[in-house]
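Asks: What follows is the file entry-v6.pdb, containing PDB, C-alpha atoms, pLDDT in the B column:
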```pdb
MODEL        1
ATOM      1  CA  MET A   1      90.317 120.149  62.623  1.00 86.00           C
ATOM      2  CA  PHE A   2      86.541 120.067  62.724  1.00 94.00           C
ATOM      3  CA  ASN A   3      84.352 121.686  65.344  1.00 95.00           C
ATOM      4  CA  ILE A   4      81.165 120.723  67.147  1.00 96.00           C
ATOM      5  CA  GLY A   5      78.222 121.377  64.842  1.00 96.00           C
ATOM      6  CA  ASP A   6      80.200 120.794  61.629  1.00 96.00           C
ATOM      7  CA  LYS A   7      78.475 118.657  59.012  1.00 96.00           C
ATOM      8  CA  VAL A   8      80.891 116.103  57.622  1.00 96.00           C
ATOM      9  CA  VAL A   9      80.980 112.988  55.455  1.00 94.00           C
ATOM     10  CA  TYR A  10      82.468 109.715  56.619  1.00 91.00           C
ATOM     11  CA  PRO A  11      83.251 107.737  53.438  1.00 89.00           C
ATOM     12  CA  MET A  12      81.341 104.439  53.151  1.00 84.00           C
ATOM     13  CA  HIS A  13      79.056 105.487  56.027  1.00 87.00           C
ATOM     14  CA  GLY A  14      77.442 108.759  54.983  1.00 90.00           C
ATOM     15  CA  ALA A  15      77.077 112.251  56.360  1.00 93.00           C
ATOM     16  CA  GLY A  16      76.499 113.406  59.894  1.00 94.00           C
ATOM     17  CA  ILE A  17      77.003 116.163  62.406  1.00 95.00           C
ATOM     18  CA  ILE A  18      79.862 116.361  64.902  1.00 96.00           C
ATOM     19  CA  GLU A  19      78.204 116.506  68.312  1.00 96.00           C
ATOM     20  CA  GLY A  20      81.274 116.390  70.476  1.00 96.00           C
ATOM     21  CA  ILE A  21      84.973 115.763  70.887  1.00 95.00           C
ATOM     22  CA  GLU A  22      85.861 113.259  73.590  1.00 94.00           C
ATOM     23  CA  GLU A  23      89.016 111.738  74.941  1.00 94.00           C
ATOM     24  CA  LYS A  24      88.782 107.996  75.446  1.00 92.00           C
ATOM     25  CA  GLU A  25      91.202 105.339  76.532  1.00 90.00           C
ATOM     26  CA  ILE A  26      90.998 102.261  74.341  1.00 85.00           C
ATOM     27  CA  LEU A  27      93.462  99.401  74.779  1.00 89.00           C
ATOM     28  CA  GLY A  28      95.528 101.548  77.123  1.00 90.00           C
ATOM     29  CA  GLU A  29      95.893 104.353  74.590  1.00 90.00           C
ATOM     30  CA  LYS A  30      94.303 107.776  75.135  1.00 93.00           C
ATOM     31  CA  ARG A  31      93.004 109.396  71.965  1.00 94.00           C
ATOM     32  CA  LYS A  32      90.650 112.175  70.987  1.00 95.00           C
ATOM     33  CA  TYR A  33      87.553 111.220  69.032  1.00 95.00           C
ATOM     34  CA  TYR A  34      84.930 113.133  67.121  1.00 96.00           C
ATOM     35  CA  VAL A  35      81.471 111.970  68.143  1.00 96.00           C
ATOM     36  CA  MET A  36      79.373 112.109  64.997  1.00 95.00           C
ATOM     37  CA  ARG A  37      75.614 111.583  64.809  1.00 94.00           C
ATOM     38  CA  MET A  38      74.290 110.188  61.556  1.00 89.00           C
ATOM     39  CA  PRO A  39      70.787 111.535  60.835  1.00 80.00           C
ATOM     40  CA  ILE A  40      69.776 108.429  58.894  1.00 77.00           C
ATOM     41  CA  GLY A  41      69.434 105.492  61.232  1.00 77.00           C
ATOM     42  CA  ASP A  42      70.186 107.827  64.168  1.00 80.00           C
ATOM     43  CA  MET A  43      73.551 106.181  64.689  1.00 88.00           C
ATOM     44  CA  LYS A  44      76.540 107.579  66.573  1.00 92.00           C
ATOM     45  CA  VAL A  45      80.064 107.039  65.318  1.00 91.00           C
ATOM     46  CA  MET A  46      83.370 107.817  66.997  1.00 92.00           C
ATOM     47  CA  ILE A  47      86.194 108.841  64.687  1.00 92.00           C
ATOM     48  CA  PRO A  48      89.790 109.193  65.918  1.00 92.00           C
ATOM     49  CA  VAL A  49      90.782 112.845  65.431  1.00 94.00           C
ATOM     50  CA  ASP A  50      94.285 111.894  64.270  1.00 92.00           C
ATOM     51  CA  ASN A  51      92.919 109.581  61.535  1.00 90.00           C
ATOM     52  CA  VAL A  52      90.573 112.083  59.890  1.00 92.00           C
ATOM     53  CA  GLU A  53      92.721 112.731  56.799  1.00 90.00           C
ATOM     54  CA  GLU A  54      93.614 109.064  56.366  1.00 90.00           C
ATOM     55  CA  ILE A  55      89.928 108.083  56.564  1.00 90.00           C
ATOM     56  CA  GLY A  56      88.944 110.862  54.158  1.00 91.00           C
ATOM     57  CA  ILE A  57      86.498 112.786  56.358  1.00 94.00           C
ATOM     58  CA  ARG A  58      85.378 115.927  54.530  1.00 95.00           C
ATOM     59  CA  GLU A  59      82.856 118.725  54.912  1.00 95.00           C
ATOM     60  CA  ILE A  60      79.497 118.247  53.201  1.00 96.00           C
ATOM     61  CA  ILE A  61      78.897 119.883  49.846  1.00 96.00           C
ATOM     62  CA  ASP A  62      77.226 123.279  49.453  1.00 95.00           C
ATOM     63  CA  ARG A  63      74.093 124.103  47.443  1.00 94.00           C
ATOM     64  CA  GLU A  64      76.169 124.875  44.341  1.00 95.00           C
ATOM     65  CA  ASP A  65      77.715 121.393  44.419  1.00 96.00           C
ATOM     66  CA  LEU A  66      74.256 119.927  45.052  1.00 96.00           C
ATOM     67  CA  GLN A  67      73.225 121.313  41.651  1.00 96.00           C
ATOM     68  CA  LYS A  68      76.212 119.486  40.113  1.00 96.00           C
ATOM     69  CA  VAL A  69      75.070 116.258  41.818  1.00 96.00           C
ATOM     70  CA  LEU A  70      71.546 116.694  40.423  1.00 96.00           C
ATOM     71  CA  THR A  71      73.002 117.361  36.966  1.00 95.00           C
ATOM     72  CA  ILE A  72      74.997 114.113  37.201  1.00 96.00           C
ATOM     73  CA  LEU A  73      71.862 112.225  38.275  1.00 96.00           C
ATOM     74  CA  LYS A  74      69.956 113.666  35.283  1.00 95.00           C
ATOM     75  CA  GLY A  75      72.737 112.648  32.892  1.00 92.00           C
ATOM     76  CA  GLU A  76      72.968 109.697  30.560  1.00 90.00           C
ATOM     77  CA  GLN A  77      74.218 106.327  31.729  1.00 86.00           C
ATOM     78  CA  THR A  78      77.964 106.098  31.211  1.00 88.00           C
ATOM     79  CA  SER A  79      79.570 102.951  29.900  1.00 86.00           C
ATOM     80  CA  MET A  80      80.339 100.317  32.483  1.00 83.00           C
ATOM     81  CA  PRO A  81      82.154  97.017  32.090  1.00 84.00           C
ATOM     82  CA  GLN A  82      79.842  94.252  30.868  1.00 84.00           C
ATOM     83  CA  ASN A  83      81.534  91.813  33.227  1.00 84.00           C
ATOM     84  CA  TRP A  84      79.572  91.918  36.506  1.00 85.00           C
ATOM     85  CA  ASN A  85      82.688  91.471  38.644  1.00 89.00           C
ATOM     86  CA  ARG A  86      84.624  94.298  36.950  1.00 93.00           C
ATOM     87  CA  ARG A  87      81.614  96.595  37.063  1.00 92.00           C
ATOM     88  CA  TYR A  88      81.115  95.859  40.775  1.00 94.00           C
ATOM     89  CA  ARG A  89      84.777  96.562  41.566  1.00 95.00           C
ATOM     90  CA  ALA A  90      84.802  99.795  39.520  1.00 95.00           C
ATOM     91  CA  ASN A  91      81.657 101.024  41.271  1.00 96.00           C
ATOM     92  CA  MET A  92      83.021 100.029  44.695  1.00 95.00           C
ATOM     93  CA  GLU A  93      86.174 102.088  44.080  1.00 95.00           C
ATOM     94  CA  LYS A  94      84.025 105.118  43.253  1.00 95.00           C
ATOM     95  CA  ILE A  95      81.964 104.661  46.414  1.00 94.00           C
ATOM     96  CA  LYS A  96      85.038 104.151  48.608  1.00 91.00           C
ATOM     97  CA  SER A  97      86.501 107.434  47.326  1.00 90.00           C
ATOM     98  CA  GLY A  98      83.834 109.279  49.332  1.00 90.00           C
ATOM     99  CA  ASP A  99      83.482 111.701  46.400  1.00 94.00           C
ATOM    100  CA  ILE A 100      79.785 112.588  46.152  1.00 96.00           C
ATOM    101  CA  PHE A 101      80.038 113.151  42.387  1.00 97.00           C
ATOM    102  CA  GLU A 102      81.429 109.633  41.892  1.00 96.00           C
ATOM    103  CA  ILE A 103      78.729 108.201  44.182  1.00 97.00           C
ATOM    104  CA  ALA A 104      76.045 110.084  42.210  1.00 97.00           C
ATOM    105  CA  THR A 105      77.417 108.513  39.012  1.00 97.00           C
ATOM    106  CA  VAL A 106      77.199 105.026  40.536  1.00 97.00           C
ATOM    107  CA  VAL A 107      73.625 105.662  41.755  1.00 97.00           C
ATOM    108  CA  ARG A 108      72.514 106.978  38.344  1.00 96.00           C
ATOM    109  CA  ASN A 109      74.149 104.159  36.381  1.00 95.00           C
ATOM    110  CA  LEU A 110      72.785 101.416  38.633  1.00 95.00           C
ATOM    111  CA  MET A 111      69.276 102.924  38.736  1.00 95.00           C
ATOM    112  CA  LEU A 112      69.200 103.167  34.935  1.00 93.00           C
ATOM    113  CA  ARG A 113      70.637  99.667  34.559  1.00 92.00           C
ATOM    114  CA  ASP A 114      67.984  98.378  36.963  1.00 91.00           C
ATOM    115  CA  GLN A 115      65.304  99.788  34.631  1.00 89.00           C
ATOM    116  CA  GLU A 116      66.793  97.979  31.621  1.00 87.00           C
ATOM    117  CA  LYS A 117      67.442  94.645  33.268  1.00 85.00           C
ATOM    118  CA  SER A 118      67.136  94.054  36.965  1.00 84.00           C
ATOM    119  CA  LEU A 119      70.240  94.157  39.116  1.00 90.00           C
ATOM    120  CA  SER A 120      71.902  91.229  40.816  1.00 90.00           C
ATOM    121  CA  THR A 121      71.556  91.025  44.594  1.00 93.00           C
ATOM    122  CA  GLY A 122      75.077  92.398  45.045  1.00 93.00           C
ATOM    123  CA  GLU A 123      74.499  95.377  42.784  1.00 94.00           C
ATOM    124  CA  ARG A 124      71.114  96.060  44.363  1.00 96.00           C
ATOM    125  CA  LYS A 125      72.783  96.194  47.799  1.00 96.00           C
ATOM    126  CA  MET A 126      75.466  98.470  46.365  1.00 96.00           C
ATOM    127  CA  LEU A 127      72.814 100.774  44.859  1.00 96.00           C
ATOM    128  CA  ASN A 128      70.912 100.935  48.145  1.00 95.00           C
ATOM    129  CA  SER A 129      73.975 101.785  50.222  1.00 94.00           C
ATOM    130  CA  ALA A 130      75.280 104.328  47.670  1.00 96.00           C
ATOM    131  CA  LYS A 131      71.827 105.927  47.552  1.00 96.00           C
ATOM    132  CA  GLN A 132      71.735 106.116  51.378  1.00 94.00           C
ATOM    133  CA  MET A 133      75.128 107.864  51.372  1.00 94.00           C
ATOM    134  CA  LEU A 134      73.812 110.356  48.832  1.00 95.00           C
ATOM    135  CA  ILE A 135      70.588 110.900  50.789  1.00 95.00           C
ATOM    136  CA  SER A 136      72.432 111.364  54.106  1.00 93.00           C
ATOM    137  CA  GLU A 137      74.518 114.180  52.643  1.00 94.00           C
ATOM    138  CA  ILE A 138      71.743 115.899  50.678  1.00 95.00           C
ATOM    139  CA  VAL A 139      69.476 115.884  53.773  1.00 93.00           C
ATOM    140  CA  LEU A 140      72.115 117.992  55.562  1.00 93.00           C
ATOM    141  CA  VAL A 141      72.510 120.403  52.610  1.00 94.00           C
ATOM    142  CA  VAL A 142      68.824 121.169  52.061  1.00 93.00           C
ATOM    143  CA  ASP A 143      66.003 121.052  54.546  1.00 83.00           C
ATOM    144  CA  LEU A 144      64.233 117.954  53.236  1.00 89.00           C
ATOM    145  CA  SER A 145      63.187 114.706  54.874  1.00 91.00           C
ATOM    146  CA  GLN A 146      64.781 111.406  53.948  1.00 91.00           C
ATOM    147  CA  GLU A 147      61.701 110.504  51.866  1.00 94.00           C
ATOM    148  CA  GLU A 148      61.633 113.867  50.040  1.00 95.00           C
ATOM    149  CA  THR A 149      65.338 113.558  49.291  1.00 94.00           C
ATOM    150  CA  GLU A 150      64.899 110.050  47.894  1.00 94.00           C
ATOM    151  CA  LYS A 151      62.075 111.355  45.690  1.00 94.00           C
ATOM    152  CA  LEU A 152      64.360 114.189  44.504  1.00 94.00           C
ATOM    153  CA  ILE A 153      66.992 111.603  43.473  1.00 95.00           C
ATOM    154  CA  ASP A 154      64.397 109.384  41.758  1.00 94.00           C
ATOM    155  CA  GLU A 155      62.986 112.366  39.870  1.00 94.00           C
ATOM    156  CA  ALA A 156      66.464 113.493  38.808  1.00 94.00           C
ATOM    157  CA  VAL A 157      67.163 110.019  37.382  1.00 94.00           C
ATOM    158  CA  ASN A 158      63.665 110.162  35.873  1.00 83.00           C
ATOM    159  CA  LEU A 159      62.177 107.219  37.731  1.00 66.00           C
ATOM    160  CA  ALA A 160      59.348 109.052  39.450  1.00 49.00           C
TER     161      ALA A 160
ENDMDL
END
```
Written as structure tokens, how would this file's structure read?
Replies:
Amino acid sequence: MFNIGDKVVYPMHGAGIIEGIEEKEILGEKRKYYVMRMPIGDMKVMIPVDNVEEIGIREIIDREDLQKVLTILKGEQTSMPQNWNRRYRANMEKIKSGDIFEIATVVRNLMLRDQEKSLSTGERKMLNSAKQMLISEIVLVVDLSQEETEKLIDEAVNLA
């Protein structure tokens, strides 16, 4: 059970802060929901309290884990399938896991691949959304703006 003020990650959406717990009736069924504010895009999301584990909501990483993320971003590109479709599916699975280390791997690999030969539209969209997920969580770990955090990621991957 999370509390108001907790910083959590909603897989495929990014990180945010729980601002409240409300009971709502939807389709005749009363349920409790976490009201989560996402700092990037200033969006509010309602998450059913009883679906938290199933959805994969987790607390944000700490500063120690942030160092691991930066180390991953600084690493070498790992091998990916040459087939665009297989590569896309493999990367999507990593992103869906909600695991920040997996997402960091996807961001690094796609950014490095983009330097070699530009990405397809689909992979560019995937890179942008994975990068936003990474940024949304890092912003809540360290006191940096969205722009500063993006620069930190770019520098770690050596693109700045």
Asks: Just the residues within 9 Å of Met133 in chain A, please, counting only C-alpha atoms, with nothing from its chain fewer than 3 positions along; format it as a ChimeraX atom specification.
Replies: /A:9,11-15,100,103,128-130,136-138
Asks: Would you save the residues of that selection, restricted to C-alpha atoms, as an mmCIF file, in the frame of the given file?
Replies:
```
data_model
loop_
_atom_site.group_PDB
_atom_site.id
_atom_site.type_symbol
_atom_site.label_atom_id
_atom_site.label_comp_id
_atom_site.auth_asym_id
_atom_site.auth_seq_id
_atom_site.Cartn_x
_atom_site.Cartn_y
_atom_site.Cartn_z
ATOM 1 C CA VAL A 9 80.980 112.988 55.455
ATOM 2 C CA PRO A 11 83.251 107.737 53.438
ATOM 3 C CA MET A 12 81.341 104.439 53.151
ATOM 4 C CA HIS A 13 79.056 105.487 56.027
ATOM 5 C CA GLY A 14 77.442 108.759 54.983
ATOM 6 C CA ALA A 15 77.077 112.251 56.360
ATOM 7 C CA ILE A 100 79.785 112.588 46.152
ATOM 8 C CA ILE A 103 78.729 108.201 44.182
ATOM 9 C CA ASN A 128 70.912 100.935 48.145
ATOM 10 C CA SER A 129 73.975 101.785 50.222
ATOM 11 C CA ALA A 130 75.280 104.328 47.670
ATOM 12 C CA SER A 136 72.432 111.364 54.106
ATOM 13 C CA GLU A 137 74.518 114.180 52.643
ATOM 14 C CA ILE A 138 71.743 115.899 50.678
#
```
Asks: Enumerate, as a list in words, the residues matched when the PyMOL selection byres ((chain A and resi 62) around 12) is run on the file above.
Replies: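 For this structure, the PyMOL selection byres ((chain A and resi 62) around 12) captures Lys7, Val8, Glu59, Ile60, Ile61, Arg63, Glu64, Asp65, Leu66, Gln67, Lys68, Val69, Ile100, Glu137, Ile138, Val139, Leu140, Val141 and Val142 of chain A.
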Asks: Would you pick out the contacts of Lys30 in chain A at 12 Å or less, using all atoms listed in the file, so that residues sharing its chain but fewer than 4 positions from it are not included, and give the list as number ranges by chain?
Replies: A: 22-26, 48-50
Asks: May I ask which of the residues A:Pro39, A:Gly98, A:Asn158, A:Asn91 is the closest one to Leu127 in chain A, counting all atoms listed in the file?
Replies: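 Among the listed residues, the smallest separation from Leu127 in chain A belongs to A:Asn91.
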Asks: On this structure, which residues satisfy the PyMOL selection byres ((chain A and resi 18) around 10), written as a list in words?
Replies: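 Selected by the PyMOL selection byres ((chain A and resi 18) around 10) in this file: Phe2, Asn3, Ile4, Gly5, Asp6, Lys7, Val8, Ala15, Gly16, Ile17, Glu19, Gly20, Ile21, Tyr34, Val35, Met36, Arg37, Met38, Lys44, Val45, Met46 and Ile47 of chain A.
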Asks: Enumerate, as a list in words, the residues matched when the PyMOL selection byres ((chain A and resi 88) around 12) is run on the file above.
Replies: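 After applying the PyMOL selection byres ((chain A and resi 88) around 12), what remains is Met80, Pro81, Gln82, Asn83, Trp84, Asn85, Arg86, Arg87, Arg89, Ala90, Asn91, Met92, Glu93, Lys94, Ile95, Val106, Asn109, Leu110, Leu119, Ser120, Thr121, Gly122, Glu123, Arg124, Lys125, Met126 and Leu127 of chain A.
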Asks: Where's the centre, and what are the edge lengths in Å to one decimal, of a box along x, y and z enclosing all listed atoms of range 75-90 of chain A padded 5 Å per side, as AutoDock Vina command-line options?
Replies:
```
--center_x 78.8 --center_y 102.1 --center_z 35.7 --size_x 22.1 --size_y 31.2 --size_z 21.7
```
Asks: Considering only C-alpha atoms, can you say which of A:Thr78, A:Ser97, A:Thr149, A:Gln115 comes closest to Leu134 in chain A?
Replies: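 Among the listed residues, the smallest separation from Leu134 in chain A belongs to A:Thr149.
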Asks: Between CA of Asp42 in chain A and CA of Glu150 in chain A, what is the distance in Å, rounded to a tenth?
Replies: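 Between CA of Asp42 in chain A and CA of Glu150 in chain A the gap works out to 17.3 Å.
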Asks: One decimal, in Å: what's the spacing between CA of Tyr10 in chain A and CA of Gln132 in chain A?
Replies: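 One can read the CA of Tyr10 in chain A to CA of Gln132 in chain A distance as 12.5 Å.
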Asks: At what distance in Å, to one decimal, does CA of Ala156 in chain A lie from CA of Leu73 in chain A?
Replies: 5.6 Å
